[in-house]
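Structure data (TSV, C-alpha atoms and all ligand atoms) from input.tsv:
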```tsv
chain	number	residue	atom	x	y	z
A	1	MET	CA	44.66	84.36	165.69
A	2	ASP	CA	47.74	85.03	167.83
A	3	LEU	CA	47.14	83.67	171.32
A	4	HIS	CA	50.26	85.12	172.95
A	5	GLY	CA	49.35	86.93	176.18
A	6	LYS	CA	45.70	85.74	176.15
A	7	ARG	CA	44.06	84.36	179.29
A	8	LEU	CA	42.92	80.73	179.21
A	9	VAL	CA	40.76	79.13	181.91
A	10	ILE	CA	40.73	75.32	182.00
A	11	LEU	CA	37.79	73.77	183.83
A	12	GLY	CA	38.75	70.25	185.00
A	13	CYS	CA	42.49	70.07	184.48
A	14	GLY	CA	43.20	66.35	184.17
A	15	TYR	CA	44.92	64.32	181.46
A	16	VAL	CA	43.82	66.45	178.51
A	17	GLY	CA	43.68	69.73	180.44
A	18	ALA	CA	47.29	69.43	181.60
A	19	ALA	CA	48.48	68.65	178.05
A	20	VAL	CA	46.71	71.77	176.78
A	21	ALA	CA	48.08	73.80	179.70
A	22	ARG	CA	51.62	72.80	178.69
A	23	LEU	CA	51.09	73.90	175.07
A	24	ALA	CA	49.35	77.08	176.16
A	25	ARG	CA	52.14	78.09	178.52
A	26	ALA	CA	54.71	77.39	175.79
A	27	ALA	CA	52.69	79.66	173.48
A	28	GLY	CA	52.79	82.49	176.03
A	29	LEU	CA	49.26	82.27	177.45
A	30	GLN	CA	48.31	82.90	181.07
A	31	VAL	CA	46.46	79.86	182.40
A	32	ASP	CA	44.05	79.41	185.33
A	33	ALA	CA	42.88	75.85	185.95
A	34	LEU	CA	40.14	74.37	188.09
A	35	THR	CA	40.42	71.01	189.87
A	36	ARG	CA	38.80	69.56	192.96
A	37	ASN	CA	42.01	67.88	193.96
A	38	PRO	CA	44.73	69.75	195.98
A	39	THR	CA	47.42	67.25	194.91
A	40	ARG	CA	46.53	67.82	191.29
A	41	ALA	CA	46.58	71.57	191.94
A	42	ALA	CA	50.17	71.32	193.19
A	43	GLU	CA	51.16	69.33	190.08
A	44	ILE	CA	49.63	71.76	187.62
A	45	SER	CA	51.08	74.78	189.38
A	46	GLU	CA	54.49	73.39	188.37
A	47	LEU	CA	53.42	73.99	184.76
A	48	GLY	CA	53.17	77.69	185.51
A	49	VAL	CA	49.40	77.45	185.84
A	50	ASN	CA	47.38	79.22	188.52
A	51	PRO	CA	45.35	76.44	190.17
A	52	VAL	CA	41.93	76.94	191.75
A	53	VAL	CA	40.63	74.11	193.93
A	54	ALA	CA	36.84	73.95	193.73
A	55	ASP	CA	33.94	71.91	192.34
A	56	LEU	CA	32.86	73.21	188.94
A	57	ALA	CA	29.25	72.30	189.72
A	58	THR	CA	29.14	74.85	192.56
A	59	ASP	CA	29.59	78.61	192.37
A	60	ALA	CA	32.49	78.48	194.87
A	61	TRP	CA	34.98	79.23	192.09
A	62	HIS	CA	33.08	82.11	190.47
A	63	GLU	CA	34.76	84.83	192.51
A	64	ARG	CA	38.15	83.11	192.53
A	65	ILE	CA	38.93	83.42	188.84
A	66	VAL	CA	39.79	86.87	187.59
A	67	PRO	CA	37.05	87.98	185.15
A	68	GLY	CA	37.91	88.46	181.51
A	69	ALA	CA	38.88	85.04	180.17
A	70	ASP	CA	39.69	85.28	176.47
A	71	LEU	CA	39.50	81.50	176.18
A	72	VAL	CA	37.82	78.76	178.21
A	73	LEU	CA	38.31	75.00	177.88
A	74	ASN	CA	35.77	72.87	179.72
A	75	CYS	CA	37.36	69.41	179.77
A	76	VAL	CA	35.96	68.19	183.04
A	77	SER	CA	35.35	64.45	183.31
A	78	ALA	CA	32.78	62.47	185.28
A	79	GLY	CA	35.31	62.00	188.07
A	80	GLY	CA	33.65	58.82	189.40
A	81	GLY	CA	30.29	58.57	191.15
A	82	GLY	CA	28.36	56.80	188.37
A	83	LEU	CA	25.54	58.62	186.61
A	84	ASP	CA	25.23	61.13	189.45
A	85	GLY	CA	28.90	61.96	188.97
A	86	TYR	CA	28.29	62.42	185.25
A	87	ARG	CA	25.34	64.68	185.84
A	88	GLY	CA	27.16	66.71	188.48
A	89	SER	CA	30.40	67.32	186.58
A	90	TYR	CA	28.99	67.62	183.06
A	91	VAL	CA	25.50	69.11	183.34
A	92	GLU	CA	25.63	70.99	186.64
A	93	GLY	CA	29.20	71.96	185.82
A	94	MET	CA	28.19	73.42	182.46
A	95	ARG	CA	25.27	75.26	184.05
A	96	SER	CA	27.60	76.75	186.63
A	97	PHE	CA	29.98	77.82	183.87
A	98	VAL	CA	27.12	79.44	181.92
A	99	ALA	CA	25.94	81.32	185.03
A	100	TRP	CA	29.50	82.64	185.48
A	101	ALA	CA	29.86	83.53	181.81
A	102	ARG	CA	26.65	85.57	181.94
A	103	ARG	CA	28.25	87.80	184.59
A	104	VAL	CA	31.80	88.18	183.28
A	105	PRO	CA	33.07	88.61	179.73
A	106	VAL	CA	34.13	85.31	178.18
A	107	GLY	CA	35.56	84.89	174.69
A	108	THR	CA	35.97	81.53	172.95
A	109	VAL	CA	34.68	78.41	174.72
A	110	VAL	CA	35.67	74.85	173.83
A	111	TYR	CA	33.87	71.91	175.40
A	112	THR	CA	35.21	68.35	175.16
A	113	SER	CA	32.24	66.06	174.69
A	114	SER	CA	32.47	62.46	173.48
A	115	THR	CA	31.69	60.29	170.47
A	116	SER	CA	29.52	58.32	172.92
A	117	VAL	CA	26.73	60.75	171.97
A	118	TYR	CA	26.42	58.75	168.73
A	119	PRO	CA	24.34	55.57	168.97
A	120	GLN	CA	25.27	54.30	165.48
A	121	SER	CA	26.75	50.86	164.91
A	122	GLY	CA	26.85	48.36	162.01
A	123	GLY	CA	30.11	49.64	160.51
A	124	VAL	CA	28.71	52.99	159.29
A	125	VAL	CA	30.71	56.20	158.88
A	126	VAL	CA	29.69	58.76	161.51
A	127	ASP	CA	30.18	62.46	160.87
A	128	GLU	CA	28.81	65.43	162.79
A	129	THR	CA	25.48	65.29	160.92
A	130	ALA	CA	24.73	61.85	162.39
A	131	LEU	CA	21.65	61.70	164.62
A	132	THR	CA	22.19	61.44	168.36
A	133	GLU	CA	18.73	60.13	169.24
A	134	GLY	CA	19.14	56.74	170.88
A	135	ALA	CA	22.43	57.58	172.62
A	136	GLY	CA	23.05	55.63	175.84
A	137	GLU	CA	22.58	57.04	179.32
A	138	THR	CA	25.99	58.66	179.58
A	139	GLY	CA	25.79	59.97	176.02
A	140	ARG	CA	22.47	61.61	176.84
A	141	ILE	CA	24.03	63.40	179.80
A	142	LEU	CA	26.81	64.72	177.59
A	143	LEU	CA	24.20	65.89	175.07
A	144	GLU	CA	22.47	67.76	177.89
A	145	ALA	CA	25.73	69.51	178.72
A	146	GLU	CA	26.26	70.30	175.03
A	147	ALA	CA	22.73	71.75	174.86
A	148	ALA	CA	23.38	73.90	177.94
A	149	LEU	CA	26.36	75.45	176.15
A	150	ARG	CA	24.60	75.82	172.80
A	151	GLY	CA	21.61	77.43	174.51
A	152	ALA	CA	23.87	80.02	176.13
A	153	ALA	CA	25.42	81.38	172.95
A	154	GLY	CA	24.89	84.97	174.16
A	155	ALA	CA	26.95	84.29	177.28
A	156	CYS	CA	30.22	83.91	175.38
A	157	GLY	CA	31.92	85.23	172.29
A	158	ARG	CA	31.69	81.88	170.48
A	159	TRP	CA	31.53	78.17	171.33
A	160	PHE	CA	32.85	74.91	169.93
A	161	ILE	CA	32.06	71.34	170.88
A	162	LEU	CA	34.70	68.67	170.26
A	163	ARG	CA	33.42	65.09	170.40
A	164	LEU	CA	36.45	63.06	171.45
A	165	ALA	CA	37.02	59.39	170.63
A	166	GLY	CA	38.83	57.00	172.99
A	167	ILE	CA	41.82	58.81	174.49
A	168	TYR	CA	45.21	57.15	174.84
A	169	GLY	CA	48.77	58.37	175.21
A	170	PRO	CA	51.67	58.48	177.69
A	171	GLY	CA	50.53	57.01	180.99
A	172	ARG	CA	47.16	55.96	179.56
A	173	HIS	CA	47.39	52.78	177.48
A	174	HIS	CA	44.83	50.27	178.64
A	175	PHE	CA	45.15	47.80	175.75
A	176	LEU	CA	48.93	47.80	175.95
A	177	ASP	CA	48.73	47.12	179.68
A	178	GLN	CA	46.37	44.21	179.10
A	179	VAL	CA	48.61	42.68	176.45
A	180	ARG	CA	51.77	43.22	178.49
A	181	ALA	CA	50.11	41.54	181.48
A	182	GLY	CA	49.70	38.44	179.30
A	183	THR	CA	45.89	38.58	179.18
A	184	ALA	CA	45.02	35.28	177.50
A	185	GLU	CA	41.43	35.98	176.60
A	186	MET	CA	39.32	39.00	175.74
A	187	LYS	CA	35.56	39.20	175.51
A	188	GLY	CA	33.66	39.50	172.24
A	189	ASP	CA	34.98	38.63	168.79
A	190	GLY	CA	37.27	41.68	168.42
A	191	SER	CA	35.69	42.65	165.11
A	192	HIS	CA	34.32	46.07	166.14
A	193	HIS	CA	36.35	49.14	165.20
A	194	LEU	CA	38.10	51.14	167.89
A	195	ASN	CA	38.04	54.90	167.34
A	196	LEU	CA	41.04	56.35	169.12
A	197	VAL	CA	42.84	59.65	169.46
A	198	HIS	CA	46.22	60.37	170.99
A	199	ARG	CA	46.39	62.92	173.82
A	200	ASP	CA	48.88	65.10	171.94
A	201	ASP	CA	46.62	65.27	168.88
A	202	ILE	CA	43.78	66.36	171.14
A	203	SER	CA	45.83	69.19	172.57
A	204	THR	CA	46.98	70.44	169.15
A	205	ALA	CA	43.39	70.32	167.89
A	206	ILE	CA	42.14	72.28	170.91
A	207	MET	CA	44.83	74.92	170.41
A	208	ALA	CA	43.91	75.14	166.70
A	209	VAL	CA	40.24	75.65	167.57
A	210	LEU	CA	41.08	78.31	170.17
A	211	ALA	CA	43.25	80.13	167.61
A	212	SER	CA	40.79	79.77	164.72
A	213	PRO	CA	39.63	82.85	162.80
A	214	PRO	CA	36.85	84.72	164.66
A	215	ALA	CA	34.41	84.11	161.79
A	216	LEU	CA	34.38	80.41	162.70
A	217	ARG	CA	31.90	79.80	165.51
A	218	GLY	CA	29.20	77.51	166.83
A	219	GLU	CA	30.65	74.31	165.37
A	220	ILE	CA	30.75	70.68	166.47
A	221	PHE	CA	33.82	68.67	165.45
A	222	ASN	CA	34.64	65.00	165.90
A	223	LEU	CA	38.16	64.53	167.24
A	224	VAL	CA	39.58	61.14	166.29
A	225	ASP	CA	42.59	59.80	164.40
A	226	ASP	CA	42.51	58.77	160.72
A	227	THR	CA	42.30	55.02	161.15
A	228	PRO	CA	39.46	53.28	162.98
A	229	THR	CA	40.77	49.72	163.40
A	230	PRO	CA	39.18	46.43	164.52
A	231	LYS	CA	40.04	45.73	168.14
A	232	ALA	CA	41.51	42.31	167.26
A	233	GLU	CA	43.99	43.98	164.89
A	234	VAL	CA	45.04	46.49	167.56
A	235	VAL	CA	45.73	43.89	170.25
A	236	GLN	CA	47.42	41.54	167.78
A	237	TRP	CA	49.81	44.31	166.70
A	238	LEU	CA	50.51	45.31	170.31
A	239	ALA	CA	51.19	41.70	171.26
A	240	GLY	CA	53.69	41.47	168.42
A	241	GLN	CA	55.43	44.62	169.62
A	242	VAL	CA	55.89	43.41	173.20
A	243	GLY	CA	56.60	39.76	172.32
A	244	GLN	CA	53.50	38.32	173.95
A	245	PRO	CA	51.05	35.85	172.41
A	246	ALA	CA	47.99	37.70	171.09
A	247	PRO	CA	44.97	37.29	173.37
A	248	LEU	CA	42.18	35.11	172.01
A	249	PHE	CA	38.67	36.49	171.68
A	250	SER	CA	36.24	34.32	173.61
A	251	GLY	CA	33.26	35.13	171.38
A	252	GLY	CA	31.12	35.73	174.48
A	253	PRO	CA	29.34	39.02	175.16
A	254	ALA	CA	31.81	41.92	175.03
A	255	SER	CA	31.75	44.72	177.57
A	256	ALA	CA	29.58	47.51	176.25
A	257	ARG	CA	28.50	50.97	177.26
A	258	ARG	CA	25.64	51.27	179.71
A	259	GLY	CA	22.35	50.35	178.01
A	260	PHE	CA	23.95	48.53	175.04
A	261	LEU	CA	24.49	44.78	174.60
A	262	SER	CA	27.69	45.06	172.55
A	263	PRO	CA	30.31	47.71	171.84
A	264	PRO	CA	29.40	49.99	168.93
A	265	ASP	CA	31.05	49.33	165.58
A	266	ARG	CA	31.40	52.49	163.50
A	267	LEU	CA	33.98	54.63	161.76
A	268	ILE	CA	34.03	58.12	163.27
A	269	SER	CA	35.10	60.73	160.71
A	270	ASN	CA	37.47	63.62	161.40
A	271	ALA	CA	37.04	65.13	157.91
A	272	LYS	CA	35.19	68.23	159.11
A	273	LEU	CA	37.91	69.26	161.58
A	274	LYS	CA	40.61	68.72	158.97
A	275	ALA	CA	38.77	70.75	156.36
A	276	ALA	CA	37.89	73.63	158.71
A	277	LEU	CA	41.23	74.03	160.46
A	278	GLY	CA	43.86	72.16	158.49
A	279	TRP	CA	44.53	70.12	161.63
A	280	ARG	CA	46.32	66.83	161.01
A	281	PRO	CA	47.04	64.17	163.64
A	282	GLN	CA	50.69	63.57	164.43
A	283	PHE	CA	49.58	59.99	165.21
A	284	PRO	CA	47.24	59.07	162.32
A	285	SER	CA	46.72	55.54	163.63
A	286	PHE	CA	47.22	53.57	166.83
A	287	ARG	CA	50.44	52.20	165.33
A	288	GLU	CA	52.30	55.54	165.36
A	289	GLY	CA	50.81	56.47	168.74
A	290	TYR	CA	51.67	53.23	170.49
A	291	ALA	CA	55.08	53.07	168.79
A	292	ALA	CA	55.91	56.44	170.39
A	293	ILE	CA	54.71	55.18	173.78
A	294	LEU	CA	56.72	51.96	173.45
A	295	SER	CA	59.89	53.76	172.47
A	296	ALA	CA	59.66	56.37	175.24
B	1	LIG	N1	38.66	59.08	178.43
B	1	LIG	C1	38.22	58.98	177.21
B	1	LIG	O1	38.57	58.07	176.46
B	1	LIG	C2	37.28	60.05	176.69
B	1	LIG	C3	36.58	59.79	175.53
B	1	LIG	C4	35.77	60.79	175.02
B	1	LIG	C5	35.66	62.01	175.67
B	1	LIG	N2	36.33	62.24	176.81
B	1	LIG	C6	36.23	63.56	177.45
B	1	LIG	O2	37.48	64.17	177.37
B	1	LIG	C7	37.62	65.13	178.41
B	1	LIG	C8	38.98	65.04	179.05
B	1	LIG	O3	39.15	63.78	179.62
B	1	LIG	P1	40.40	63.46	180.52
B	1	LIG	O4	40.86	62.11	180.12
B	1	LIG	O5	41.36	64.59	180.51
B	1	LIG	O6	39.71	63.36	181.95
B	1	LIG	P2	40.46	63.35	183.36
B	1	LIG	O7	41.87	62.97	183.23
B	1	LIG	O8	39.59	62.54	184.27
B	1	LIG	O9	40.43	64.88	183.78
B	1	LIG	C9	39.28	65.55	184.13
B	1	LIG	C10	39.59	66.45	185.30
B	1	LIG	O10	38.38	67.05	185.71
B	1	LIG	C11	38.40	67.12	187.16
B	1	LIG	N3	37.02	67.20	187.60
B	1	LIG	C12	36.06	66.25	187.51
B	1	LIG	N4	34.91	66.70	187.99
B	1	LIG	C13	35.15	67.97	188.41
B	1	LIG	C14	34.35	68.97	189.02
B	1	LIG	N5	33.06	68.75	189.28
B	1	LIG	N6	34.92	70.16	189.32
B	1	LIG	C15	36.22	70.39	189.05
B	1	LIG	N7	37.03	69.48	188.47
B	1	LIG	C16	36.51	68.29	188.17
B	1	LIG	C17	39.10	65.85	187.55
B	1	LIG	O11	39.75	65.97	188.78
B	1	LIG	P3	39.09	65.66	190.19
B	1	LIG	O12	38.09	64.54	189.99
B	1	LIG	O13	40.26	65.27	191.03
B	1	LIG	O14	38.48	66.94	190.57
B	1	LIG	C18	40.17	65.71	186.49
B	1	LIG	O15	41.36	66.34	186.87
B	1	LIG	C19	36.46	64.90	179.36
B	1	LIG	O16	35.51	65.90	179.09
B	1	LIG	C20	35.92	63.55	178.93
B	1	LIG	O17	34.56	63.46	179.15
B	1	LIG	C21	37.13	61.28	177.35
```
Using structure tokens, write down the structure that the file contains.
Ligand SMILES: NC(=O)c1ccc[n+]([C@@H]2O[C@H](COP(=O)([O-])OP(=O)(O)OC[C@H]3O[C@@H](n4cnc5c(N)ncnc54)[C@H](OP(=O)(O)O)[C@@H]3O)[C@@H](O)[C@H]2O)c1
Amino acid sequence: MDLHGKRLVILGCGYVGAAVARLARAAGLQVDALTRNPTRAAEISELGVNPVVADLATDAWHERIVPGADLVLNCVSAGGGGLDGYRGSYVEGMRSFVAWARRVPVGTVVYTSSTSVYPQSGGVVVDETALTEGAGETGRILLEAEAALRGAAGACGRWFILRLAGIYGPGRHHFLDQVRAGTAEMKGDGSHHLNLVHRDDISTAIMAVLASPPALRGEIFNLVDDTPTPKAEVVQWLAGQVGQPAPLFSGGPASARRGFLSPPDRLISNAKLKAALGWRPQFPSFREGYAAILSA
């Protein structure tokens, strides 16, 4: 589907939202973007985006966005504030969006959820058919937001949910920062797989979903690169790249998501997204992604 001249509304225009805004503007779309932060609004207006400063969870923005969005991307994050922040931005935010969409025509909606909705561990492959019962507290909140969108199918032309893995990219490279800082020791044994996705692969996937044939609708896709890799291998490779000794893994308890004793170990599959849309990551593993960051 040709997106040139279409109107895109981005709800929560942060790291991912701004990357999509850049691609969308380059493809000739008109873009409105919501943020709570006036400084952020000034930054995104430089991308040729019309910023609206308001809290998604309220209805303060409803009258401030011109009705008739062909495309909507809800990529709001928790924005701090613990579980209350999660509930406010994700669940109340989605409910506010649905209330707006029931009053104005809205076309295709894409929501960026997270692979944290999957509780699986033990090295299993996780595709979109995997059960989500047993997800942690934050995962359950995201599932509630997903359900609010799925339950409002009549409010929009069609919806898609993208479950994103760990995001990294320019300006966001936590493991590289740790290794560069000479971190001598990391918690855990480093054997669990990291499931990562580069920011620029997220934005191309979102654009591909927005432009997908109208017959495709109501789908959930995992969004992750091709190569889940044990954490120890990632930090060892990074250490080699920056000429630092590789951190040792202490073997003690590793930091885990709320409600879990250890980080999950699973291989998230992107096969469904590839098959449905022909999308391919430009950075199929952390190696290509971090190499680009290091050489920038
Ligand atoms: N980070 C990860 O590794 C990861 C993993 C899986 C999934 N995801 C999902 O990926 C999506 C994109 O993440 P990201 O890294 O782009 O997040 P981000 O950089 O934090 O951007 C989110 C934006 O939403 C804004 N926001 C938060 N609450 C809001 C509200 N109530 N009303 C209006 N704006 C609000 C934030 O700005 P203000 O707070 O200044 O308003 C921020 O600009 C999110 O949905 C996130 O849950 C992230």
Using all atoms listed in the file, find each residue in chain A having at least one atom no more than 6 Å away from ligand LIG 1 (chain B); report its shortest atom-to-atom pair and that distance in Å (one decimal), rows by chain then rising number, as a tab-separated table.
```
residue	atom	partner	partner_atom	distance
A:Gly12	CA	B:LIG1	O10	3.3
A:Cys13	CA	B:LIG1	O15	4.6
A:Gly14	CA	B:LIG1	O9	3.2
A:Tyr15	CA	B:LIG1	O5	3.7
A:Val16	CA	B:LIG1	O5	3.7
A:Gly17	CA	B:LIG1	O5	5.6
A:Leu34	CA	B:LIG1	C15	5.7
A:Thr35	CA	B:LIG1	N7	4.0
A:Arg36	CA	B:LIG1	O14	3.6
A:Asn37	CA	B:LIG1	O13	4.3
A:Ala54	CA	B:LIG1	C15	5.9
A:Asp55	CA	B:LIG1	N6	3.6
A:Leu56	CA	B:LIG1	N6	3.7
A:Ala57	CA	B:LIG1	N5	5.2
A:Cys75	CA	B:LIG1	O16	4.0
A:Val76	CA	B:LIG1	O10	3.8
A:Ser77	CA	B:LIG1	C19	4.1
A:Ala78	CA	B:LIG1	N4	5.5
A:Gly79	CA	B:LIG1	O12	4.2
A:Ser89	CA	B:LIG1	N5	4.1
A:Thr112	CA	B:LIG1	O16	4.6
A:Ser113	CA	B:LIG1	C5	5.4
A:Ser114	CA	B:LIG1	C5	3.9
A:Leu164	CA	B:LIG1	C4	4.3
A:Ala165	CA	B:LIG1	C4	4.8
A:Gly166	CA	B:LIG1	O1	3.6
A:Ile167	CA	B:LIG1	O1	3.9
```
Q. Which distance in Å separates CA of Ile141 (chain A) and CA of Val31 (chain A), to one decimal?
A.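 Result for CA of Ile141 (chain A) versus CA of Val31 (chain A): 27.9 Å, one decimal.
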For region 69-84 of chain A, what centre and edge lengths in Å (one decimal) does the axis-aligned box get once 3 Å is added on each side of all its listed atoms, as JSON?
```
{"center_x": 32.5, "center_y": 71.0, "center_z": 183.7, "size_x": 20.5, "size_y": 34.5, "size_z": 21.0}
```
Can you pull out every residue within 9 Å of region 199-213 of chain A, counting all atoms listed in the file, but drop anything in the same chain fewer than 6 positions away, and send it as a PDB file with C-alpha atoms, keeping the file's coordinate frame?
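Output saved as result_22.pdb:
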```
ATOM      1  CA  MET A   1      44.660  84.360 165.690  1.00  0.00           C
ATOM      2  CA  ASP A   2      47.740  85.030 167.830  1.00  0.00           C
ATOM      3  CA  LEU A   3      47.140  83.670 171.320  1.00  0.00           C
ATOM      4  CA  TYR A  15      44.920  64.320 181.460  1.00  0.00           C
ATOM      5  CA  VAL A  16      43.820  66.450 178.510  1.00  0.00           C
ATOM      6  CA  GLY A  17      43.680  69.730 180.440  1.00  0.00           C
ATOM      7  CA  ALA A  19      48.480  68.650 178.050  1.00  0.00           C
ATOM      8  CA  VAL A  20      46.710  71.770 176.780  1.00  0.00           C
ATOM      9  CA  ALA A  21      48.080  73.800 179.700  1.00  0.00           C
ATOM     10  CA  LEU A  23      51.090  73.900 175.070  1.00  0.00           C
ATOM     11  CA  ALA A  24      49.350  77.080 176.160  1.00  0.00           C
ATOM     12  CA  LEU A  71      39.500  81.500 176.180  1.00  0.00           C
ATOM     13  CA  VAL A  72      37.820  78.760 178.210  1.00  0.00           C
ATOM     14  CA  LEU A  73      38.310  75.000 177.880  1.00  0.00           C
ATOM     15  CA  THR A 108      35.970  81.530 172.950  1.00  0.00           C
ATOM     16  CA  VAL A 109      34.680  78.410 174.720  1.00  0.00           C
ATOM     17  CA  VAL A 110      35.670  74.850 173.830  1.00  0.00           C
ATOM     18  CA  PHE A 160      32.850  74.910 169.930  1.00  0.00           C
ATOM     19  CA  LEU A 162      34.700  68.670 170.260  1.00  0.00           C
ATOM     20  CA  LEU A 164      36.450  63.060 171.450  1.00  0.00           C
ATOM     21  CA  ILE A 167      41.820  58.810 174.490  1.00  0.00           C
ATOM     22  CA  TYR A 168      45.210  57.150 174.840  1.00  0.00           C
ATOM     23  CA  GLY A 169      48.770  58.370 175.210  1.00  0.00           C
ATOM     24  CA  PRO A 170      51.670  58.480 177.690  1.00  0.00           C
ATOM     25  CA  LEU A 223      38.160  64.530 167.240  1.00  0.00           C
ATOM     26  CA  VAL A 224      39.580  61.140 166.290  1.00  0.00           C
ATOM     27  CA  ASP A 225      42.590  59.800 164.400  1.00  0.00           C
ATOM     28  CA  LEU A 273      37.910  69.260 161.580  1.00  0.00           C
ATOM     29  CA  LEU A 277      41.230  74.030 160.460  1.00  0.00           C
ATOM     30  CA  GLY A 278      43.860  72.160 158.490  1.00  0.00           C
ATOM     31  CA  TRP A 279      44.530  70.120 161.630  1.00  0.00           C
ATOM     32  CA  ARG A 280      46.320  66.830 161.010  1.00  0.00           C
ATOM     33  CA  PRO A 281      47.040  64.170 163.640  1.00  0.00           C
ATOM     34  CA  GLN A 282      50.690  63.570 164.430  1.00  0.00           C
ATOM     35  CA  PHE A 283      49.580  59.990 165.210  1.00  0.00           C
TER      36      PHE A 283
END
```
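CA of Pro264 (chain A) lies 4.9 Å from CA of Ser121 (chain A).
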Q) How many Å lie between CA of Gln30 (chain A) and CA of Arg7 (chain A), rounded to one decimal? A)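 For CA of Gln30 (chain A) relative to CA of Arg7 (chain A), the distance reads 4.8 Å.
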Can you write out as a Markdown table which residues of region 82-181 of chain A fall within 10 Å of region 227-237 of chain A, alongside each residue's closest atom pair and its distance in Å to one decimal, counting only C-alpha atoms and ordering rows by chain and ascending residue number?
```
| residue | atom | partner | partner_atom | distance |
| --- | --- | --- | --- | --- |
| A:Phe175 | CA | A:Val235 | CA | 6.8 |
| A:Leu176 | CA | A:Val235 | CA | 7.6 |
| A:Gln178 | CA | A:Val235 | CA | 8.9 |
| A:Val179 | CA | A:Val235 | CA | 6.9 |
```
Write out, as a PDB file, keeping the file's coordinate frame, the residues just selected, with C-alpha atoms.
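What landed in again28.pdb:
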```pdb
ATOM      1  CA  PHE A 175      45.150  47.800 175.750  1.00  0.00           C
ATOM      2  CA  LEU A 176      48.930  47.800 175.950  1.00  0.00           C
ATOM      3  CA  GLN A 178      46.370  44.210 179.100  1.00  0.00           C
ATOM      4  CA  VAL A 179      48.610  42.680 176.450  1.00  0.00           C
TER       5      VAL A 179
END
```
Region 66-183 of chain A residues near region 266-272 of chain A within 9 Å, closest pair each, using all atoms listed in the file, as a Markdown table:
```
| residue | atom | partner | partner_atom | distance |
| --- | --- | --- | --- | --- |
| A:Thr115 | CA | A:Ile268 | CA | 7.9 |
| A:Gln120 | CA | A:Arg266 | CA | 6.7 |
| A:Ser121 | CA | A:Arg266 | CA | 5.1 |
| A:Gly122 | CA | A:Arg266 | CA | 6.3 |
| A:Gly123 | CA | A:Arg266 | CA | 4.3 |
| A:Val124 | CA | A:Arg266 | CA | 5.0 |
| A:Val125 | CA | A:Leu267 | CA | 4.6 |
| A:Val126 | CA | A:Ile268 | CA | 4.7 |
| A:Asp127 | CA | A:Ser269 | CA | 5.2 |
| A:Glu128 | CA | A:Lys272 | CA | 7.9 |
| A:Ala165 | CA | A:Ile268 | CA | 8.0 |
```
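Proximity of A:Tyr118, A:Glu92, A:Thr183, A:Gly289 to Leu248 (chain A), computed with all atoms listed in the file, is greatest for A:Thr183.
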Within 12 Å of (35.1, 79.5, 191.3) (file coordinates; only C-alpha atoms), which protein or nucleic acid residues are there? I'd like them as a CSV table (one decimal) with C-alpha atoms, in the frame of the given file.
```
chain,number,residue,atom,x,y,z
A,9,VAL,CA,40.8,79.1,181.9
A,10,ILE,CA,40.7,75.3,182.0
A,11,LEU,CA,37.8,73.8,183.8
A,12,GLY,CA,38.8,70.2,185.0
A,32,ASP,CA,44.0,79.4,185.3
A,33,ALA,CA,42.9,75.8,186.0
A,34,LEU,CA,40.1,74.4,188.1
A,35,THR,CA,40.4,71.0,189.9
A,36,ARG,CA,38.8,69.6,193.0
A,51,PRO,CA,45.4,76.4,190.2
A,52,VAL,CA,41.9,76.9,191.8
A,53,VAL,CA,40.6,74.1,193.9
A,54,ALA,CA,36.8,74.0,193.7
A,55,ASP,CA,33.9,71.9,192.3
A,56,LEU,CA,32.9,73.2,188.9
A,57,ALA,CA,29.2,72.3,189.7
A,58,THR,CA,29.1,74.8,192.6
A,59,ASP,CA,29.6,78.6,192.4
A,60,ALA,CA,32.5,78.5,194.9
A,61,TRP,CA,35.0,79.2,192.1
A,62,HIS,CA,33.1,82.1,190.5
A,63,GLU,CA,34.8,84.8,192.5
A,64,ARG,CA,38.2,83.1,192.5
A,65,ILE,CA,38.9,83.4,188.8
A,66,VAL,CA,39.8,86.9,187.6
A,67,PRO,CA,37.0,88.0,185.2
A,93,GLY,CA,29.2,72.0,185.8
A,96,SER,CA,27.6,76.8,186.6
A,97,PHE,CA,30.0,77.8,183.9
A,99,ALA,CA,25.9,81.3,185.0
A,100,TRP,CA,29.5,82.6,185.5
A,101,ALA,CA,29.9,83.5,181.8
```
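You can rank A:Gly218, A:Pro247, A:Gly48, A:Pro284 by their closest distance to Arg150 (chain A) using only C-alpha atoms, and at the top of that list sits A:Gly218.
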